[in-house]
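Enquirer: This is the structure I have questions about; it appears just below.
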Amino acid sequence: APIDIVKQIFAWVTDPGFYKHVTITLTETVLGYVIGTALGVAAGVWLGLSRGAYRILDPFIKALNAIPRVVLAPIFVLWLGLGLWSKVALSVTLVFFITFFNAMQGVREVNPVVLANAKILGARRHALLTTVYFPAAASWILSSLRTSVGFAVVGAIIGEYLGASAGLGYLIAQAEGNFDAVGVFAGIIILAMFVLLIDRVLDVAEAKLIKWSPNSRETETA
């Protein structure tokens with residue numbers, strides 16, 4: 001019953017020990033999200049600019065992307081143990097490819113006229129990255145950031161399902177093992193609120209970064 005779910009959420013929220021689980025899952029999510037995004041953007045921009053490297057690495061990238069991430073979870077547990085970093089590694093693999101493909105496509109969508117004009121004006125590689133490539137790819141990257149938030153949480157939760165002594169995934173798995181549907185639904189609702197909070201942070205970041213976009217400038221001028 002919904003009232004039972006509300007009571008369970010209230011019982012968790014008023015329990016000081018509950019915030020230990022929230023902190024652990026939040027730490028795993030944020031680390032996986034930040035590391036996966038940074039690696040994905042860096043690799044996407046690099047391979048977007050280097051066509052030769054992309055031709056060489058393309059088969060390997062597609063092969064890695066085809067591997068179900070859940071299959072990698074037990075391997076990370078064996079390599080990194082049951083602690084924090086096995087969950088972070090799984091989150092990284094889920095986030096990386098989303099931001100990678102979007103960043104690469106964004107770099108390749110640069111207007112050739114704008115690029116040619118910047119080169120004529122004497123812009124070097126660093127200036128081209130900051131004034132042409134990144135602004136063109138900003139909307140692609142930001143759209144991937146929203147999508148990858150949920151995947152970062154999924155990576156942390158799946159890792160906690162496989163083996164953990166704390167975390168929101170641990171609470172949900174414990175409730176599931178006890179056939180406690182109320183606890184499962186309460187955990188799902190808290191996770192949804194979790195993602196909404198991170199999404200709100202991204203709204204603030206987007207409001208600042210979207211100023212790079214030529215379209216936003218045209219809108220402001222209009």
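Note on naming: chains are A, B, ... as they come in the structure tokens, residues start from 1 per chain, ligands start from 1 in the order shown.
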Taking 5 positions as the minimum chain separation for residues in the same chain, which residues sit within 12 Å of Lys62 of chain A when counting only C-alpha atoms? Answer as a ChimeraX atom specification.
Expert: /A:54-57,67,97,100-101
Enquirer: Any idea what the distance is between atom CA of Phe10 of chain A and atom CA of Ile190 of chain A?
Expert: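 Answer for the atom CA of Phe10 of chain A to atom CA of Ile190 of chain A separation: 10.8 Å.
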Enquirer: Contacts of segment 15-26 of chain A at 7 Å or less, counting only C-alpha atoms, minus same-chain residues fewer than 4 places along, as an MDAnalysis selection string?
Expert: chainID A and resid 11 30 156 166:168
Enquirer: Could you please take those selected residues and save N, CA and C atoms as a compact mmCIF listing (two decimals), in the first residue's frame?
Expert:
# COMPACT_ATOMS: atom_id res chain seq x y z
N ALA A 11 10.66 6.31 7.91
CA ALA A 11 11.47 5.59 8.90
C ALA A 11 12.94 5.63 8.52
N VAL A 30 28.81 9.50 -8.04
CA VAL A 30 29.51 10.71 -8.46
C VAL A 30 30.88 10.38 -9.04
N ALA A 156 26.22 1.73 -9.84
CA ALA A 156 26.46 1.63 -8.40
C ALA A 156 25.51 0.63 -7.75
N ALA A 166 26.76 -2.03 2.56
CA ALA A 166 26.05 -0.77 2.75
C ALA A 166 25.72 -0.18 1.39
N GLY A 167 24.81 0.79 1.40
CA GLY A 167 24.40 1.44 0.16
C GLY A 167 22.91 1.23 -0.09
N LEU A 168 22.33 2.06 -0.95
CA LEU A 168 20.92 1.93 -1.26
C LEU A 168 20.62 0.61 -1.98
Enquirer: Within 10 Å of segment 108-110 of chain A, counting only C-alpha atoms, which residues show up once you throw out same-chain ones fewer than 3 positions away? Write them as a tab-separated table (two decimals) with C-alpha atoms, in the first residue's frame, please.
Expert:
chain	number	residue	atom	x	y	z
A	44	GLY	CA	35.56	11.30	-27.97
A	45	VAL	CA	37.25	14.62	-28.77
A	47	LEU	CA	39.09	10.31	-31.89
A	48	GLY	CA	36.77	12.90	-33.40
A	49	LEU	CA	39.79	14.95	-34.42
A	102	ASN	CA	28.20	12.07	-28.23
A	103	ALA	CA	31.46	14.00	-27.83
A	104	MET	CA	32.93	12.43	-30.95
A	105	GLN	CA	29.83	13.16	-33.01
A	113	VAL	CA	33.04	27.37	-42.69
A	114	VAL	CA	33.49	28.44	-39.06
A	115	LEU	CA	36.51	26.16	-38.74
A	132	VAL	CA	35.26	26.07	-32.15
A	133	TYR	CA	35.21	22.37	-31.29
A	134	PHE	CA	34.04	22.45	-27.67
A	135	PRO	CA	31.27	25.03	-28.28
A	136	ALA	CA	30.03	22.94	-31.22
A	137	ALA	CA	30.08	19.75	-29.14
A	140	TRP	CA	25.91	16.94	-27.64
Enquirer: Among segment 31-189 of chain A, which residues carry a DSSP assignment of alpha helix (DSSP H), reported as JSON, numbers by chain?
Expert: {"A": [31, 32, 33, 34, 35, 36, 37, 38, 39, 40, 41, 42, 43, 44, 45, 46, 47, 48, 49, 51, 52, 53, 54, 55, 56, 57, 58, 59, 60, 61, 62, 63, 64, 65, 66, 69, 70, 71, 72, 73, 74, 75, 76, 77, 78, 79, 80, 84, 85, 86, 87, 88, 89, 90, 91, 92, 93, 94, 95, 96, 97, 98, 99, 100, 101, 102, 103, 104, 105, 106, 107, 108, 112, 113, 114, 115, 116, 117, 118, 119, 120, 125, 126, 127, 128, 134, 135, 136, 137, 138, 139, 140, 141, 142, 143, 144, 145, 146, 147, 148, 149, 150, 151, 152, 153, 154, 155, 156, 157, 158, 159, 160, 161, 162, 168, 169, 170, 171, 172, 173, 174, 175, 176, 177, 181, 182, 183, 184, 185, 186, 187, 188, 189]}
Enquirer: What does the structure give for the distance between atom CA of Ala1 of chain A and atom CA of Val182 of chain A, in Å to one decimal?
Expert: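 Spanning atom CA of Ala1 of chain A to atom CA of Val182 of chain A is a straight-line distance of 7.8 Å.
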